[in-house]
file final-v9.cif (mmCIF, C-alpha atoms)
data_protein
loop_
_atom_site.label_atom_id
_atom_site.label_comp_id
_atom_site.auth_asym_id
_atom_site.auth_seq_id
_atom_site.Cartn_x
_atom_site.Cartn_y
_atom_site.Cartn_z
CA MET A 1 -28.76 -11.08 4.97
CA THR A 2 -25.60 -9.65 6.51
CA THR A 3 -25.17 -5.90 6.08
CA LYS A 4 -21.95 -3.92 6.03
CA ALA A 5 -22.83 -2.48 9.43
CA ASP A 6 -23.24 -6.00 10.87
CA ALA A 7 -19.83 -6.97 9.52
CA ILE A 8 -18.05 -4.19 11.40
CA LYS A 9 -19.90 -3.98 14.72
CA PRO A 10 -17.29 -3.49 17.46
CA SER A 11 -18.86 -6.34 19.45
CA SER A 12 -18.03 -8.73 16.61
CA LEU A 13 -14.33 -7.90 16.55
CA SER A 14 -12.39 -10.03 18.98
CA PHE A 15 -9.19 -8.09 18.42
CA GLN A 16 -10.60 -4.76 19.65
CA LYS A 17 -9.86 -5.56 23.30
CA LYS A 18 -7.45 -8.44 22.93
CA GLU A 19 -4.47 -8.82 25.20
CA MET A 20 -1.03 -7.60 24.17
CA LYS A 21 0.53 -10.20 21.87
CA GLU A 22 3.67 -12.00 22.94
CA VAL A 23 6.55 -10.95 20.72
CA LYS A 24 10.21 -11.79 20.43
CA PRO A 25 12.77 -9.41 21.95
CA ALA A 26 13.65 -6.61 19.56
CA ALA A 27 17.21 -7.88 19.12
CA GLU A 28 15.91 -11.12 17.59
CA VAL A 29 13.52 -9.49 15.14
CA ARG A 30 14.28 -8.35 11.61
CA PRO A 31 11.07 -6.76 10.25
CA TRP A 32 10.35 -7.37 6.58
CA VAL A 33 11.24 -3.80 5.64
CA ASP A 34 14.85 -4.56 6.57
CA GLU A 35 15.04 -7.70 4.47
CA ASP A 36 15.74 -8.13 0.78
CA LEU A 37 12.57 -8.03 -1.32
CA GLN A 38 11.52 -11.62 -1.85
CA ASP A 39 9.04 -12.97 -4.35
CA ASP A 40 7.02 -16.11 -3.73
CA THR A 41 6.39 -16.99 -7.38
CA GLU A 42 7.89 -20.45 -7.04
CA ILE A 43 7.48 -20.85 -3.28
CA ARG A 44 4.04 -22.02 -2.18
CA THR A 45 2.85 -22.62 1.34
CA LYS A 46 1.16 -25.89 2.27
CA GLU A 47 -2.17 -24.02 2.32
CA GLU A 48 -1.60 -22.77 -1.21
CA ASP A 49 -0.56 -26.22 -2.45
CA ASP A 50 -4.00 -27.56 -1.61
CA GLY A 51 -6.39 -27.58 -4.56
CA ASP A 52 -5.93 -27.49 -8.31
CA TRP A 53 -3.61 -25.11 -10.14
CA VAL A 54 -4.10 -23.93 -13.70
CA GLU A 55 -1.46 -25.47 -15.93
CA SER A 56 0.78 -22.96 -17.66
CA GLY A 57 0.39 -22.49 -21.39
CA GLY A 58 -3.28 -23.32 -21.40
CA GLU A 59 -4.54 -19.85 -22.27
CA GLU A 60 -5.30 -18.67 -25.75
CA GLU A 61 -2.58 -16.59 -27.39
CA LEU A 62 -3.26 -12.86 -27.40
CA ALA A 63 -3.58 -10.92 -30.62
CA HIS A 64 -1.08 -8.10 -31.13
CA VAL A 65 -2.24 -4.66 -32.24
CA PRO A 66 -0.33 -1.58 -33.44
CA TYR A 67 1.10 0.59 -30.67
CA LEU A 68 0.30 4.27 -31.13
CA ALA A 69 2.68 6.45 -29.16
CA SER A 70 2.90 10.22 -28.73
CA ARG A 71 6.18 11.62 -29.95
CA TYR A 72 7.28 15.15 -29.07
CA PRO A 73 9.96 17.48 -30.40
CA VAL A 74 13.11 17.40 -28.29
CA GLU A 75 12.44 20.76 -26.66
CA VAL A 76 8.92 19.67 -25.71
CA MET A 77 10.23 16.41 -24.28
CA VAL A 78 12.72 18.28 -22.14
CA GLN A 79 10.08 20.71 -20.91
CA ARG A 80 7.54 17.98 -20.15
CA SER A 81 10.13 15.93 -18.26
CA GLN A 82 11.16 19.01 -16.26
CA ASP A 83 7.54 19.94 -15.48
CA PHE A 84 6.73 16.43 -14.30
CA TYR A 85 9.83 16.34 -12.11
CA SER A 86 8.85 19.69 -10.58
CA LEU A 87 5.37 18.35 -9.84
CA MET A 88 6.64 15.14 -8.27
CA ASN A 89 9.40 16.90 -6.33
CA GLN A 90 6.61 18.65 -4.41
CA ARG A 91 5.28 15.28 -3.24
CA ARG A 92 5.67 14.78 0.49
CA SER A 93 4.46 12.33 3.08
CA VAL A 94 1.69 14.27 4.84
CA ARG A 95 0.30 13.10 8.16
CA PHE A 96 -2.14 15.98 8.66
CA ILE A 97 -5.05 15.35 6.31
CA SER A 98 -8.25 17.39 6.02
CA PRO A 99 -11.62 15.64 6.43
CA GLU A 100 -12.90 17.75 3.51
CA PRO A 101 -14.71 15.48 1.01
CA VAL A 102 -12.88 14.45 -2.16
CA PRO A 103 -14.86 13.65 -5.33
CA ARG A 104 -15.26 9.89 -5.68
CA GLN A 105 -14.55 10.14 -9.41
CA VAL A 106 -11.05 11.40 -8.63
CA ILE A 107 -10.37 8.37 -6.45
CA ASP A 108 -11.71 6.08 -9.15
CA ASN A 109 -9.40 7.68 -11.72
CA VAL A 110 -6.25 7.40 -9.60
CA ILE A 111 -7.01 3.73 -8.91
CA ARG A 112 -7.49 3.19 -12.66
CA THR A 113 -4.09 4.79 -13.17
CA ALA A 114 -2.47 2.44 -10.65
CA GLY A 115 -4.05 -0.43 -12.54
CA THR A 116 -2.09 0.46 -15.67
CA ALA A 117 1.14 -0.80 -14.07
CA PRO A 118 3.04 -3.66 -15.69
CA SER A 119 2.81 -7.05 -14.00
CA GLY A 120 4.35 -10.49 -14.38
CA ALA A 121 2.62 -12.26 -17.30
CA HIS A 122 -0.06 -9.54 -17.14
CA THR A 123 -1.68 -11.16 -14.10
CA GLU A 124 -2.53 -7.76 -12.55
CA PRO A 125 -2.15 -9.14 -9.01
CA TRP A 126 -3.58 -6.17 -7.09
CA THR A 127 -6.71 -5.29 -5.15
CA PHE A 128 -7.30 -1.71 -4.01
CA VAL A 129 -9.78 -1.56 -1.13
CA VAL A 130 -11.15 1.99 -0.80
CA VAL A 131 -12.71 2.75 2.58
CA SER A 132 -14.79 5.88 3.24
CA ASP A 133 -17.20 4.54 5.89
CA PRO A 134 -16.30 6.30 9.19
CA GLU A 135 -16.94 3.22 11.34
CA VAL A 136 -14.77 0.98 9.19
CA LYS A 137 -12.01 3.60 9.17
CA HIS A 138 -12.13 3.74 12.96
CA GLN A 139 -11.92 -0.04 13.26
CA ILE A 140 -8.86 0.05 11.00
CA ARG A 141 -7.33 2.70 13.25
CA LEU A 142 -7.92 0.55 16.36
CA VAL A 143 -6.13 -2.38 14.76
CA VAL A 144 -3.23 -0.31 13.46
CA GLU A 145 -2.61 1.69 16.63
CA GLU A 146 -2.68 -1.40 18.85
CA GLU A 147 -0.11 -3.21 16.72
CA GLU A 148 1.98 -0.11 16.06
CA GLU A 149 2.36 0.54 19.79
CA VAL A 150 3.80 -2.95 20.17
CA ASN A 151 6.01 -2.29 17.13
CA TYR A 152 7.42 0.92 18.60
CA ARG A 153 7.85 -0.49 22.11
CA GLN A 154 9.13 -3.99 21.34
CA ARG A 155 9.44 -5.12 17.72
CA MET A 156 11.23 -2.33 15.87
CA GLY A 157 14.33 -1.99 18.01
CA ASP A 158 16.00 1.07 19.54
CA LYS A 159 17.86 2.11 16.38
CA TRP A 160 14.75 2.16 14.19
CA VAL A 161 12.74 4.08 16.78
CA SER A 162 15.62 6.51 17.23
CA ASP A 163 15.86 7.10 13.47
CA LEU A 164 12.15 7.98 13.40
CA GLN A 165 12.35 10.52 16.22
CA ARG A 166 13.47 13.36 13.95
CA LEU A 167 10.34 12.78 11.85
CA ARG A 168 8.15 13.00 15.00
CA THR A 169 6.21 9.84 14.23
CA ASN A 170 4.63 7.44 16.71
CA TRP A 171 1.84 4.87 16.89
CA VAL A 172 -0.98 7.44 17.08
CA LYS A 173 -2.58 7.58 13.61
CA GLN A 174 -5.26 10.25 13.82
CA TYR A 175 -5.30 10.60 10.04
CA LEU A 176 -6.88 7.14 9.76
CA ASP A 177 -10.08 8.66 11.13
CA GLU A 178 -9.77 12.07 9.49
CA ALA A 179 -8.80 11.27 5.89
CA PRO A 180 -11.90 11.00 3.68
CA TYR A 181 -10.51 7.81 2.11
CA LEU A 182 -8.24 4.98 3.14
CA VAL A 183 -6.77 2.93 0.31
CA LEU A 184 -5.52 -0.49 1.36
CA VAL A 185 -3.40 -2.14 -1.31
CA PHE A 186 -3.41 -5.93 -1.31
CA LYS A 187 -1.15 -8.16 -3.38
CA GLN A 188 -2.76 -11.32 -4.72
CA THR A 189 -0.25 -14.09 -4.06
CA TYR A 190 -2.14 -16.23 -6.57
CA GLY A 191 -5.26 -15.85 -8.67
CA VAL A 192 -8.51 -17.80 -8.58
CA VAL A 193 -10.17 -18.54 -11.91
CA ASP A 194 -13.54 -20.01 -12.82
CA GLY A 195 -14.00 -23.39 -11.19
CA GLY A 196 -11.86 -22.46 -8.19
CA GLN A 197 -8.51 -23.31 -9.79
CA LYS A 198 -5.48 -21.31 -8.69
CA LYS A 199 -3.32 -19.34 -11.09
CA THR A 200 0.29 -18.37 -10.49
CA HIS A 201 0.88 -14.64 -10.08
CA TYR A 202 4.47 -14.05 -11.10
CA TYR A 203 6.46 -11.39 -9.23
CA ASN A 204 3.30 -10.27 -7.47
CA GLU A 205 5.00 -8.13 -4.82
CA ILE A 206 7.19 -6.27 -7.30
CA SER A 207 4.23 -5.76 -9.65
CA VAL A 208 2.03 -4.32 -6.91
CA SER A 209 4.88 -2.13 -5.67
CA ILE A 210 5.17 -0.60 -9.15
CA SER A 211 1.42 0.06 -9.17
CA CYS A 212 1.75 1.83 -5.82
CA GLY A 213 4.33 4.16 -7.36
CA LEU A 214 1.90 5.06 -10.13
CA LEU A 215 -0.82 5.58 -7.52
CA LEU A 216 1.36 8.04 -5.60
CA ALA A 217 2.10 9.95 -8.80
CA ALA A 218 -1.60 10.03 -9.73
CA LEU A 219 -2.52 11.39 -6.29
CA GLN A 220 0.12 14.11 -6.56
CA ASN A 221 -1.11 15.00 -10.04
CA ALA A 222 -4.67 15.39 -8.69
CA GLY A 223 -3.60 17.67 -5.83
CA LEU A 224 -4.11 15.10 -3.09
CA VAL A 225 -1.75 13.93 -0.36
CA THR A 226 -1.03 10.71 1.48
CA VAL A 227 1.56 9.02 3.66
CA THR A 228 2.76 5.54 2.74
CA THR A 229 2.23 3.26 5.72
CA THR A 230 3.20 -0.38 6.07
CA PRO A 231 1.95 -1.24 9.58
CA LEU A 232 3.70 -4.40 10.72
CA ASN A 233 1.60 -7.35 11.87
CA CYS A 234 -1.71 -5.71 10.94
CA GLY A 235 -2.30 -7.51 7.66
CA PRO A 236 -4.18 -10.62 8.85
CA GLN A 237 -6.56 -8.65 11.08
CA LEU A 238 -7.28 -6.04 8.42
CA ARG A 239 -7.80 -8.74 5.81
CA LEU A 240 -10.44 -10.35 8.02
CA LEU A 241 -12.04 -7.02 8.87
CA LEU A 242 -12.37 -6.15 5.19
CA ARG A 243 -13.41 -9.70 4.27
CA ARG A 244 -10.65 -10.23 1.76
CA PRO A 245 -9.80 -13.78 0.60
CA ALA A 246 -6.82 -15.80 1.81
CA ASN A 247 -4.80 -15.17 -1.35
CA GLU A 248 -4.64 -11.43 -0.66
CA LYS A 249 -1.93 -10.00 1.59
CA LEU A 250 -1.81 -6.36 2.73
CA LEU A 251 1.13 -4.48 1.21
CA MET A 252 0.37 -0.81 1.93
CA LEU A 253 -2.17 1.47 3.60
CA LEU A 254 -2.66 5.00 2.24
CA PRO A 255 -4.82 7.69 3.89
CA VAL A 256 -5.91 10.01 1.06
CA GLY A 257 -7.28 13.54 1.03
CA TYR A 258 -6.42 17.22 0.88
CA PRO A 259 -3.71 18.48 3.24
CA ALA A 260 -5.06 20.04 6.43
CA PRO A 261 -4.83 23.88 6.42
CA ASP A 262 -2.22 23.76 9.20
CA ALA A 263 -0.33 20.73 7.84
CA THR A 264 3.43 20.65 8.29
CA VAL A 265 6.09 18.29 6.97
CA PRO A 266 9.73 17.68 7.93
CA ASP A 267 12.17 19.97 6.12
CA LEU A 268 13.88 17.22 4.18
CA THR A 269 16.20 17.38 1.18
CA ARG A 270 16.60 14.81 -1.58
CA LYS A 271 19.84 13.28 -2.81
CA PRO A 272 21.31 15.01 -5.86
CA LEU A 273 21.19 13.25 -9.23
CA ASN A 274 24.85 12.22 -9.09
CA ASP A 275 24.17 10.30 -5.87
CA ILE A 276 21.31 8.24 -7.29
CA MET A 277 22.34 7.70 -10.93
CA VAL A 278 25.30 5.96 -12.53
CA HIS A 279 25.74 6.73 -16.25
CA LEU A 280 28.04 4.39 -18.16
#
call {"tool": "encode", "arguments": {"input": "final-v9.cif", "output": "structure tokens"}}
result
Amino acid sequence: MTTKADAIKPSSLSFQKKEMKEVKPAAEVRPWVDEDLQDDTEIRTKEEDDGDWVESGGEEELAHVPYLASRYPVEVMVQRSQDFYSLMNQRRSVRFISPEPVPRQVIDNVIRTAGTAPSGAHTEPWTFVVVSDPEVKHQIRLVVEEEEEVNYRQRMGDKWVSDLQRLRTNWVKQYLDEAPYLVLVFKQTYGVVDGGQKKTHYYNEISVSISCGLLLAALQNAGLVTVTTTPLNCGPQLRLLLRRPANEKLLMLLPVGYPAPDATVPDLTRKPLNDIMVHL
């Protein structure tokens, strides 16, 4: 029987000491974060076309039940909306995270909250992989730092690297070892039902992105911090390391914990309401 420790032994990971990958010159590369958000609902790769797909319309119709909503007096609504804004306006990307343990129940609850997000045809196309094992966290750090160094030196381009200088970020990710939890958010590009048939997951990337927003809000509400990371070119290696199936693609990596006692953040300001809202 294979144990978790066997699965993550450094000797079993070929990428730990692999040679630097050959990449295109920075001028020829447009990383996905610079491109328009694309959804692959109707675009399937050859790999995904193999096998049987569940025909649409074959599921039993859902019953509808009364919706019971909380309704507040106007003054309470205003106060609640202001209080929630004040709470969320304190949210910052924190790269200095304490190793102090966080109750597992809190992590479970914030993941449950993320799972309440809307999704295309209610397919719920997300998998949240929570990592607390120190050895697995370190293996994740090795993968991320190796690829991120290549990103900074070759893939990202001078302008992107220059824009990040004022935030004092680089490819060293010490928080990946120090944070008590790493949450890796995978989007399921399609589902797999009983019998091995594949099920279309509509707007899977947008759906999972919405769930990530709820996750960030839930972490802030619980008094925890994180920094949203989308390490380029790490997805396939991390998927194999964590033994996730081929239909899952890494969307985001979040180190989660309490802020370190000496944590600092850039002194940023947010755009005023008139710059982000158009009222017609």
call {"tool": "resolve_selection", "arguments": {"input": "final-v9.cif", "expression": "the PyMOL selection byres ((chain A and resi 174) around 10)", "output": "PyMOL selection string"}}
result
chain A and resi 95-97+138+141+145+171-173+175-179
call {"tool": "closest_residue", "arguments": {"input": "final-v9.cif", "among": "A:Met252, A:Ile206, A:Leu219, A:Ala246", "to": "Pro125 (chain A)", "atoms": "all atoms listed in the file"}}
result
A:Ile206
call {"tool": "resolve_selection", "arguments": {"input": "final-v9.cif", "expression": "the PyMOL selection byres ((chain A and resi 101) around 8)", "output": "MDAnalysis selection string"}}
result
chainID A and resid 99:100 102:103 180 257
call {"tool": "write_last_selection", "arguments": {"input": "final-v9.cif", "atoms": "C-alpha atoms", "output": "mmCIF file, in the frame of the given file"}}
result
data_model
loop_
_atom_site.group_PDB
_atom_site.id
_atom_site.type_symbol
_atom_site.label_atom_id
_atom_site.label_comp_id
_atom_site.auth_asym_id
_atom_site.auth_seq_id
_atom_site.Cartn_x
_atom_site.Cartn_y
_atom_site.Cartn_z
ATOM 1 C CA PRO A 99 -11.620 15.640 6.430
ATOM 2 C CA GLU A 100 -12.900 17.750 3.510
ATOM 3 C CA VAL A 102 -12.880 14.450 -2.160
ATOM 4 C CA PRO A 103 -14.860 13.650 -5.330
ATOM 5 C CA PRO A 180 -11.900 11.000 3.680
ATOM 6 C CA GLY A 257 -7.280 13.540 1.030
#
call {"tool": "atom_distance", "arguments": {"input": "final-v9.cif", "atom1": "CA of Val193 (chain A)", "atom2": "CA of Arg243 (chain A)"}}
result
18.7 Å
call {"tool": "atom_distance", "arguments": {"input": "final-v9.cif", "atom1": "CA of His201 (chain A)", "atom2": "CA of Pro118 (chain A)"}}
result
12.5 Å
call {"tool": "resolve_selection", "arguments": {"input": "final-v9.cif", "expression": "the PyMOL selection byres ((chain A and resi 230) around 9)", "output": "list in words"}}
result
Val33, Thr228, Thr229, Pro231, Leu232, Cys234, Leu250, Leu251, Met252, Leu253 and Leu254 of chain A
call {"tool": "residues_around", "arguments": {"input": "final-v9.cif", "residues": "Pro255 (chain A)", "least_positions_apart": "3", "cutoff": "6 Å", "atoms": "all atoms listed in the file", "output": "compact mmCIF listing (two decimals) with C-alpha atoms, keeping the file's coordinate frame"}}
result
# COMPACT_ATOMS: atom_id res chain seq x y z
CA ALA A 179 -8.80 11.27 5.89
CA TYR A 181 -10.51 7.81 2.11
CA LEU A 182 -8.24 4.98 3.14
CA THR A 226 -1.03 10.71 1.48
call {"tool": "atom_distance", "arguments": {"input": "final-v9.cif", "atom1": "CA of Thr113 (chain A)", "atom2": "CA of Leu215 (chain A)"}}
result
6.6 Å
call {"tool": "closest_residue", "arguments": {"input": "final-v9.cif", "among": "A:Leu224, A:Ala117, A:Cys212, A:Ala260", "to": "Phe186 (chain A)", "atoms": "all atoms listed in the file"}}
result
A:Cys212
call {"tool": "closest_residue", "arguments": {"input": "final-v9.cif", "among": "A:Val185, A:Leu68, A:Val131, A:Leu241", "to": "Ser211 (chain A)", "atoms": "all atoms listed in the file"}}
result
A:Val185
call {"tool": "closest_residue", "arguments": {"input": "final-v9.cif", "among": "A:Thr127, A:Gln220, A:Gln79, A:Ser132", "to": "Asn204 (chain A)", "atoms": "all atoms listed in the file"}}
result
A:Thr127
call {"tool": "closest_residue", "arguments": {"input": "final-v9.cif", "among": "A:His279, A:Lys187, A:Arg80, A:Arg92", "to": "Ser119 (chain A)", "atoms": "all atoms listed in the file"}}
result
A:Lys187
call {"tool": "closest_residue", "arguments": {"input": "final-v9.cif", "among": "A:Pro236, A:Pro245, A:Pro272, A:Gly223", "to": "Thr189 (chain A)", "atoms": "only C-alpha atoms"}}
result
A:Pro245
